[in-house]
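Take a look at the structure set out below.
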Amino acid sequence: MSIRPALPSEHAAIRALLADNGLPVQDLTDADVGFLIADTDGAIAGVVGVQRFGDTGLLRSLAVHADARRSGTGGHLVAAAESAAQAQGLRELVLLTQTASAFFTRRGYVAIDRASAPAAVHSSAEFQSLCPASATCLIKSLE
């Protein structure tokens, strides 16, 4: 398995994987999300995206194909997204999740009140409308 930036030609497959995993895709046409994919022999095993808001990144769209779950793919994708975000000068990553709080807290993310998230991410579609108020907000410093 290798992790690499997604190619434009892979965006339809990324959207399909996200939709299959119940993740929002409605804003992806307009949102500037940098996707990384886990590539296994030319097939997309997983994907993660980071949307930049100043020096804060919104980690979003982590999805792993059913055949690749429990293989460490999700953890490798998150680590790669964190490294890429740090290399791009982002200071922290924020995310909203309905189902993966434990996964992210094991990786150093800390739950915060949604209203306490950096102001820049509040303008995102995820904060505005795509993720319900019941979603857990998590943050991790990259410094």
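In the structure tokens, each chain is lettered A, B, ... as it comes, each chain's residues begin at 1, and ligands are numbered from 1 in order of appearance.
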Exercise. Which neighbours of stretch 10-19 of chain A fall inside 10 Å, counting only C-alpha atoms, when residues of the same chain fewer than 6 positions from it are skipped, and could you give them as a list in words?
Worked result: Val25, Gln26, Leu28, Thr29, Phe35, Leu36, Ile37, Ala43, Ile44, Ala45, Gly46, Val47, Val48, Ser61, Leu62, Ala63, Val64, His65 and Ala66 of chain A
For this session: Do a neighbour search on stretch 88-95 of chain A at 10 Å with only C-alpha atoms, toss out local chain neighbours closer than 6 positions, and write the hits as a PyMOL selection string.
Result: chain A and resi 50-61+81-82+101+104+109-112+114+117-118+121+126-127+135-143
May I have the selected residues written with N, CA, C and O atoms, as a CSV table (one decimal), in the first residue's frame?
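Below is the file out_39.csv, written as the result:
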chain,number,residue,atom,x,y,z
A,50,VAL,N,-8.1,17.1,3.6
A,50,VAL,CA,-7.8,18.2,4.5
A,50,VAL,C,-8.2,19.5,3.7
A,50,VAL,O,-7.8,19.7,2.6
A,51,GLN,N,-9.1,20.3,4.3
A,51,GLN,CA,-9.5,21.5,3.7
A,51,GLN,C,-8.9,22.6,4.6
A,51,GLN,O,-9.1,22.7,5.8
A,52,ARG,N,-8.2,23.5,3.9
A,52,ARG,CA,-7.4,24.6,4.6
A,52,ARG,C,-8.3,25.8,4.9
A,52,ARG,O,-9.0,26.3,4.0
A,53,PHE,N,-8.2,26.3,6.1
A,53,PHE,CA,-8.8,27.5,6.5
A,53,PHE,C,-7.7,28.3,7.3
A,53,PHE,O,-7.5,28.1,8.5
A,54,GLY,N,-7.0,29.1,6.6
A,54,GLY,CA,-5.9,29.9,7.2
A,54,GLY,C,-4.8,28.9,7.7
A,54,GLY,O,-4.4,28.1,6.9
A,55,ASP,N,-4.4,28.9,9.0
A,55,ASP,CA,-3.4,28.0,9.5
A,55,ASP,C,-4.1,26.8,10.2
A,55,ASP,O,-3.4,26.1,10.9
A,56,THR,N,-5.4,26.6,10.0
A,56,THR,CA,-6.1,25.5,10.5
A,56,THR,C,-6.6,24.6,9.4
A,56,THR,O,-7.0,25.1,8.3
A,57,GLY,N,-6.5,23.3,9.6
A,57,GLY,CA,-7.0,22.4,8.6
A,57,GLY,C,-8.3,21.7,9.1
A,57,GLY,O,-8.3,21.4,10.3
A,58,LEU,N,-9.2,21.4,8.3
A,58,LEU,CA,-10.4,20.7,8.6
A,58,LEU,C,-10.2,19.3,8.0
A,58,LEU,O,-10.1,19.1,6.8
A,59,LEU,N,-9.9,18.3,8.9
A,59,LEU,CA,-9.7,16.9,8.5
A,59,LEU,C,-11.1,16.4,8.2
A,59,LEU,O,-12.0,16.4,9.0
A,60,ARG,N,-11.2,15.8,7.0
A,60,ARG,CA,-12.5,15.4,6.6
A,60,ARG,C,-12.4,14.2,5.7
A,60,ARG,O,-11.4,14.0,5.1
A,61,SER,N,-13.5,13.5,5.5
A,61,SER,CA,-13.6,12.5,4.5
A,61,SER,C,-12.7,11.3,4.7
A,61,SER,O,-12.2,10.8,3.7
A,81,ALA,N,-1.9,12.6,6.4
A,81,ALA,CA,-2.6,13.9,6.3
A,81,ALA,C,-2.0,14.8,7.3
A,81,ALA,O,-1.8,16.0,7.0
A,82,GLU,N,-1.7,14.4,8.5
A,82,GLU,CA,-1.1,15.2,9.5
A,82,GLU,C,0.3,15.7,9.0
A,82,GLU,O,0.6,16.9,9.2
A,101,SER,N,-14.9,8.9,17.1
A,101,SER,CA,-14.2,9.7,18.2
A,101,SER,C,-13.1,8.8,18.8
A,101,SER,O,-12.0,9.4,19.0
A,104,PHE,N,-9.9,8.6,16.7
A,104,PHE,CA,-9.1,9.9,16.7
A,104,PHE,C,-8.5,10.2,18.0
A,104,PHE,O,-7.4,10.7,18.1
A,109,TYR,N,-6.1,13.3,19.2
A,109,TYR,CA,-7.1,14.3,19.1
A,109,TYR,C,-7.8,14.5,20.4
A,109,TYR,O,-8.0,13.5,21.1
A,110,VAL,N,-8.3,15.7,20.7
A,110,VAL,CA,-8.9,16.0,22.0
A,110,VAL,C,-10.3,16.6,21.6
A,110,VAL,O,-10.4,17.5,20.8
A,111,ALA,N,-11.3,16.1,22.3
A,111,ALA,CA,-12.7,16.6,22.1
A,111,ALA,C,-12.8,18.0,22.7
A,111,ALA,O,-12.3,18.3,23.8
A,112,ILE,N,-13.4,18.9,21.9
A,112,ILE,CA,-13.7,20.2,22.4
A,112,ILE,C,-15.2,20.6,22.1
A,112,ILE,O,-15.8,19.9,21.2
A,114,ARG,N,-17.9,22.3,20.2
A,114,ARG,CA,-17.9,22.8,18.8
A,114,ARG,C,-17.8,24.3,18.6
A,114,ARG,O,-17.1,24.8,17.8
A,117,ALA,N,-14.1,25.6,18.5
A,117,ALA,CA,-13.2,25.3,17.4
A,117,ALA,C,-12.8,26.6,16.8
A,117,ALA,O,-13.4,27.7,16.9
A,118,PRO,N,-11.6,26.6,16.2
A,118,PRO,CA,-11.1,27.9,15.6
A,118,PRO,C,-12.1,28.5,14.7
A,118,PRO,O,-12.8,27.8,13.9
A,121,VAL,N,-12.8,27.6,10.8
A,121,VAL,CA,-13.5,26.5,10.3
A,121,VAL,C,-15.1,26.6,10.4
A,121,VAL,O,-15.8,25.8,9.8
A,126,GLU,N,-19.2,21.8,6.4
A,126,GLU,CA,-19.3,20.8,7.4
A,126,GLU,C,-19.8,21.4,8.7
A,126,GLU,O,-20.7,20.8,9.4
A,127,PHE,N,-19.3,22.5,9.2
A,127,PHE,CA,-19.8,23.2,10.4
A,127,PHE,C,-21.1,23.8,10.2
A,127,PHE,O,-21.9,23.8,11.1
A,135,ALA,N,-22.6,15.8,16.2
A,135,ALA,CA,-21.2,15.4,15.9
A,135,ALA,C,-20.2,15.9,16.9
A,135,ALA,O,-20.3,17.0,17.4
A,136,THR,N,-19.3,15.0,17.3
A,136,THR,CA,-18.2,15.4,18.2
A,136,THR,C,-17.1,16.2,17.4
A,136,THR,O,-16.7,15.8,16.3
A,137,CYS,N,-16.7,17.2,18.1
A,137,CYS,CA,-15.6,18.1,17.5
A,137,CYS,C,-14.3,17.7,18.2
A,137,CYS,O,-14.3,17.6,19.4
A,138,LEU,N,-13.3,17.5,17.4
A,138,LEU,CA,-12.0,17.1,17.9
A,138,LEU,C,-10.9,18.0,17.3
A,138,LEU,O,-11.1,18.5,16.2
A,139,ILE,N,-9.8,18.2,18.0
A,139,ILE,CA,-8.7,19.0,17.6
A,139,ILE,C,-7.4,18.4,17.9
A,139,ILE,O,-7.3,17.7,18.9
A,140,LYS,N,-6.4,18.7,17.1
A,140,LYS,CA,-5.0,18.2,17.4
A,140,LYS,C,-4.1,19.3,17.0
A,140,LYS,O,-4.1,19.7,15.8
A,141,SER,N,-3.1,19.7,17.8
A,141,SER,CA,-2.1,20.6,17.5
A,141,SER,C,-1.0,19.9,16.7
A,141,SER,O,-0.7,18.7,17.0
A,142,LEU,N,-0.5,20.5,15.6
A,142,LEU,CA,0.5,20.0,14.8
A,142,LEU,C,1.9,20.6,15.2
A,142,LEU,O,2.9,20.3,14.5
A,143,GLU,N,1.9,21.4,16.2
A,143,GLU,CA,3.2,22.1,16.5
A,143,GLU,C,3.9,21.3,17.6
A,143,GLU,O,3.4,20.6,18.3
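If only C-alpha atoms are the atoms counted, then among A:Leu23, A:Ile3, A:Ala119, A:Leu96 the closest residue to A:Ala84 is A:Ile3.
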Mind listing the strand (DSSP E) residues of chain A, per DSSP on the backbone, as a PDB file with N, CA and C atoms, in the first residue's frame?
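Produced file part_35.pdb, reproduced below:
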ATOM      1  N   SER A   2       0.527   2.194  -0.843  1.00  0.00           N
ATOM      2  CA  SER A   2       1.198   3.485  -0.840  1.00  0.00           C
ATOM      3  C   SER A   2       0.154   4.570  -0.625  1.00  0.00           C
ATOM      4  N   ILE A   3       0.593   5.666  -0.031  1.00  0.00           N
ATOM      5  CA  ILE A   3      -0.298   6.814   0.170  1.00  0.00           C
ATOM      6  C   ILE A   3       0.247   7.940  -0.681  1.00  0.00           C
ATOM      7  N   ARG A   4      -0.654   8.535  -1.467  1.00  0.00           N
ATOM      8  CA  ARG A   4      -0.243   9.566  -2.417  1.00  0.00           C
ATOM      9  C   ARG A   4      -1.387  10.548  -2.629  1.00  0.00           C
ATOM     10  N   PRO A   5      -1.063  11.738  -3.178  1.00  0.00           N
ATOM     11  CA  PRO A   5      -2.138  12.679  -3.511  1.00  0.00           C
ATOM     12  C   PRO A   5      -3.059  12.067  -4.570  1.00  0.00           C
ATOM     13  N   VAL A  33     -10.560  20.753  -1.202  1.00  0.00           N
ATOM     14  CA  VAL A  33     -10.104  19.702  -0.305  1.00  0.00           C
ATOM     15  C   VAL A  33      -8.958  18.964  -0.978  1.00  0.00           C
ATOM     16  N   GLY A  34      -7.850  18.864  -0.269  1.00  0.00           N
ATOM     17  CA  GLY A  34      -6.716  18.093  -0.770  1.00  0.00           C
ATOM     18  C   GLY A  34      -6.855  16.656  -0.299  1.00  0.00           C
ATOM     19  N   PHE A  35      -7.025  15.742  -1.232  1.00  0.00           N
ATOM     20  CA  PHE A  35      -7.219  14.339  -0.873  1.00  0.00           C
ATOM     21  C   PHE A  35      -5.934  13.542  -1.007  1.00  0.00           C
ATOM     22  N   LEU A  36      -5.744  12.632  -0.082  1.00  0.00           N
ATOM     23  CA  LEU A  36      -4.719  11.608  -0.161  1.00  0.00           C
ATOM     24  C   LEU A  36      -5.441  10.279  -0.276  1.00  0.00           C
ATOM     25  N   ILE A  37      -4.880   9.383  -1.059  1.00  0.00           N
ATOM     26  CA  ILE A  37      -5.497   8.068  -1.151  1.00  0.00           C
ATOM     27  C   ILE A  37      -4.484   6.992  -0.767  1.00  0.00           C
ATOM     28  N   ALA A  38      -5.017   5.920  -0.218  1.00  0.00           N
ATOM     29  CA  ALA A  38      -4.240   4.706   0.006  1.00  0.00           C
ATOM     30  C   ALA A  38      -4.459   3.847  -1.229  1.00  0.00           C
ATOM     31  N   ASP A  39      -3.384   3.587  -1.927  1.00  0.00           N
ATOM     32  CA  ASP A  39      -3.431   2.854  -3.189  1.00  0.00           C
ATOM     33  C   ASP A  39      -2.877   1.450  -2.952  1.00  0.00           C
ATOM     34  N   THR A  40      -3.691   0.468  -3.243  1.00  0.00           N
ATOM     35  CA  THR A  40      -3.262  -0.920  -3.137  1.00  0.00           C
ATOM     36  C   THR A  40      -3.379  -1.553  -4.509  1.00  0.00           C
ATOM     37  N   ALA A  43      -5.766   0.137  -6.845  1.00  0.00           N
ATOM     38  CA  ALA A  43      -7.143   0.325  -6.368  1.00  0.00           C
ATOM     39  C   ALA A  43      -7.132   1.258  -5.155  1.00  0.00           C
ATOM     40  N   ILE A  44      -8.171   2.051  -5.025  1.00  0.00           N
ATOM     41  CA  ILE A  44      -8.279   2.964  -3.884  1.00  0.00           C
ATOM     42  C   ILE A  44      -8.782   2.172  -2.681  1.00  0.00           C
ATOM     43  N   ALA A  45      -7.909   2.015  -1.684  1.00  0.00           N
ATOM     44  CA  ALA A  45      -8.268   1.305  -0.459  1.00  0.00           C
ATOM     45  C   ALA A  45      -8.854   2.261   0.579  1.00  0.00           C
ATOM     46  N   GLY A  46      -8.494   3.545   0.492  1.00  0.00           N
ATOM     47  CA  GLY A  46      -8.979   4.519   1.446  1.00  0.00           C
ATOM     48  C   GLY A  46      -8.651   5.925   1.000  1.00  0.00           C
ATOM     49  N   VAL A  47      -9.258   6.879   1.687  1.00  0.00           N
ATOM     50  CA  VAL A  47      -9.080   8.286   1.333  1.00  0.00           C
ATOM     51  C   VAL A  47      -9.212   9.141   2.588  1.00  0.00           C
ATOM     52  N   VAL A  48      -8.521  10.268   2.582  1.00  0.00           N
ATOM     53  CA  VAL A  48      -8.676  11.286   3.616  1.00  0.00           C
ATOM     54  C   VAL A  48      -8.479  12.633   2.952  1.00  0.00           C
ATOM     55  N   GLY A  49      -9.149  13.647   3.463  1.00  0.00           N
ATOM     56  CA  GLY A  49      -9.019  14.982   2.906  1.00  0.00           C
ATOM     57  C   GLY A  49      -8.738  16.013   3.977  1.00  0.00           C
ATOM     58  N   VAL A  50      -8.057  17.068   3.578  1.00  0.00           N
ATOM     59  CA  VAL A  50      -7.834  18.223   4.455  1.00  0.00           C
ATOM     60  C   VAL A  50      -8.232  19.462   3.677  1.00  0.00           C
ATOM     61  N   GLN A  51      -9.075  20.258   4.306  1.00  0.00           N
ATOM     62  CA  GLN A  51      -9.518  21.524   3.731  1.00  0.00           C
ATOM     63  C   GLN A  51      -8.887  22.635   4.566  1.00  0.00           C
ATOM     64  N   ARG A  52      -8.166  23.520   3.909  1.00  0.00           N
ATOM     65  CA  ARG A  52      -7.413  24.561   4.602  1.00  0.00           C
ATOM     66  C   ARG A  52      -8.282  25.788   4.894  1.00  0.00           C
ATOM     67  N   PHE A  53      -8.152  26.284   6.113  1.00  0.00           N
ATOM     68  CA  PHE A  53      -8.783  27.528   6.545  1.00  0.00           C
ATOM     69  C   PHE A  53      -7.719  28.312   7.309  1.00  0.00           C
ATOM     70  N   THR A  56      -5.379  26.618   9.969  1.00  0.00           N
ATOM     71  CA  THR A  56      -6.108  25.476  10.521  1.00  0.00           C
ATOM     72  C   THR A  56      -6.598  24.605   9.378  1.00  0.00           C
ATOM     73  N   GLY A  57      -6.520  23.326   9.572  1.00  0.00           N
ATOM     74  CA  GLY A  57      -7.046  22.396   8.580  1.00  0.00           C
ATOM     75  C   GLY A  57      -8.256  21.673   9.124  1.00  0.00           C
ATOM     76  N   LEU A  58      -9.219  21.448   8.262  1.00  0.00           N
ATOM     77  CA  LEU A  58     -10.392  20.654   8.611  1.00  0.00           C
ATOM     78  C   LEU A  58     -10.160  19.266   8.031  1.00  0.00           C
ATOM     79  N   LEU A  59      -9.894  18.302   8.904  1.00  0.00           N
ATOM     80  CA  LEU A  59      -9.698  16.927   8.470  1.00  0.00           C
ATOM     81  C   LEU A  59     -11.072  16.351   8.184  1.00  0.00           C
ATOM     82  N   ARG A  60     -11.225  15.844   6.991  1.00  0.00           N
ATOM     83  CA  ARG A  60     -12.549  15.367   6.620  1.00  0.00           C
ATOM     84  C   ARG A  60     -12.429  14.202   5.651  1.00  0.00           C
ATOM     85  N   SER A  61     -13.512  13.501   5.549  1.00  0.00           N
ATOM     86  CA  SER A  61     -13.647  12.475   4.521  1.00  0.00           C
ATOM     87  C   SER A  61     -12.683  11.314   4.671  1.00  0.00           C
ATOM     88  N   LEU A  62     -12.437  10.853   5.902  1.00  0.00           N
ATOM     89  CA  LEU A  62     -11.657   9.639   6.096  1.00  0.00           C
ATOM     90  C   LEU A  62     -12.584   8.452   5.864  1.00  0.00           C
ATOM     91  N   ALA A  63     -12.253   7.664   4.863  1.00  0.00           N
ATOM     92  CA  ALA A  63     -13.046   6.475   4.558  1.00  0.00           C
ATOM     93  C   ALA A  63     -12.114   5.384   4.064  1.00  0.00           C
ATOM     94  N   VAL A  64     -12.381   4.171   4.497  1.00  0.00           N
ATOM     95  CA  VAL A  64     -11.585   3.014   4.092  1.00  0.00           C
ATOM     96  C   VAL A  64     -12.532   1.988   3.489  1.00  0.00           C
ATOM     97  N   GLU A  92      -2.901  23.263  13.223  1.00  0.00           N
ATOM     98  CA  GLU A  92      -3.796  22.333  13.914  1.00  0.00           C
ATOM     99  C   GLU A  92      -4.785  21.742  12.918  1.00  0.00           C
ATOM    100  N   LEU A  93      -5.333  20.601  13.313  1.00  0.00           N
ATOM    101  CA  LEU A  93      -6.387  19.967  12.532  1.00  0.00           C
ATOM    102  C   LEU A  93      -7.617  19.833  13.412  1.00  0.00           C
ATOM    103  N   VAL A  94      -8.766  20.089  12.812  1.00  0.00           N
ATOM    104  CA  VAL A  94     -10.056  19.996  13.488  1.00  0.00           C
ATOM    105  C   VAL A  94     -10.902  19.035  12.675  1.00  0.00           C
ATOM    106  N   LEU A  95     -11.777  18.304  13.347  1.00  0.00           N
ATOM    107  CA  LEU A  95     -12.700  17.436  12.626  1.00  0.00           C
ATOM    108  C   LEU A  95     -14.000  17.286  13.387  1.00  0.00           C
ATOM    109  N   LEU A  96     -15.013  16.876  12.645  1.00  0.00           N
ATOM    110  CA  LEU A  96     -16.308  16.532  13.221  1.00  0.00           C
ATOM    111  C   LEU A  96     -16.573  15.073  12.880  1.00  0.00           C
ATOM    112  N   THR A  97     -17.053  14.314  13.855  1.00  0.00           N
ATOM    113  CA  THR A  97     -17.352  12.908  13.596  1.00  0.00           C
ATOM    114  C   THR A  97     -18.569  12.445  14.381  1.00  0.00           C
ATOM    115  N   VAL A 110      -8.261  15.683  20.705  1.00  0.00           N
ATOM    116  CA  VAL A 110      -8.942  15.987  21.954  1.00  0.00           C
ATOM    117  C   VAL A 110     -10.317  16.566  21.638  1.00  0.00           C
ATOM    118  N   ALA A 111     -11.320  16.072  22.338  1.00  0.00           N
ATOM    119  CA  ALA A 111     -12.677  16.584  22.146  1.00  0.00           C
ATOM    120  C   ALA A 111     -12.787  18.001  22.706  1.00  0.00           C
ATOM    121  N   ILE A 112     -13.429  18.863  21.940  1.00  0.00           N
ATOM    122  CA  ILE A 112     -13.697  20.226  22.383  1.00  0.00           C
ATOM    123  C   ILE A 112     -15.155  20.551  22.055  1.00  0.00           C
ATOM    124  N   THR A 136     -19.261  15.009  17.255  1.00  0.00           N
ATOM    125  CA  THR A 136     -18.200  15.369  18.176  1.00  0.00           C
ATOM    126  C   THR A 136     -17.141  16.171  17.436  1.00  0.00           C
ATOM    127  N   CYS A 137     -16.697  17.244  18.056  1.00  0.00           N
ATOM    128  CA  CYS A 137     -15.637  18.080  17.492  1.00  0.00           C
ATOM    129  C   CYS A 137     -14.336  17.719  18.201  1.00  0.00           C
ATOM    130  N   LEU A 138     -13.300  17.487  17.398  1.00  0.00           N
ATOM    131  CA  LEU A 138     -11.986  17.115  17.927  1.00  0.00           C
ATOM    132  C   LEU A 138     -10.921  18.013  17.312  1.00  0.00           C
ATOM    133  N   ILE A 139      -9.824  18.187  18.043  1.00  0.00           N
ATOM    134  CA  ILE A 139      -8.738  19.039  17.559  1.00  0.00           C
ATOM    135  C   ILE A 139      -7.406  18.408  17.927  1.00  0.00           C
ATOM    136  N   LYS A 140      -6.394  18.661  17.108  1.00  0.00           N
ATOM    137  CA  LYS A 140      -5.027  18.210  17.409  1.00  0.00           C
ATOM    138  C   LYS A 140      -4.058  19.283  16.952  1.00  0.00           C
ATOM    139  N   SER A 141      -3.145  19.661  17.837  1.00  0.00           N
ATOM    140  CA  SER A 141      -2.097  20.592  17.482  1.00  0.00           C
ATOM    141  C   SER A 141      -1.039  19.864  16.671  1.00  0.00           C
TER     142      SER A 141
END
Problem set entry | Distance of atom CA of A:Asp30 from atom CA of A:Cys131, expressed in Å to one decimal place |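 Going from atom CA of A:Cys131 over to atom CA of A:Asp30, I get 16.8 Å.
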Exercise. So which residues of chain A fall under alpha helix (DSSP H) by DSSP, listed as a ChimeraX atom specification?
Worked result: /A:11-20,73-87,101-105,125
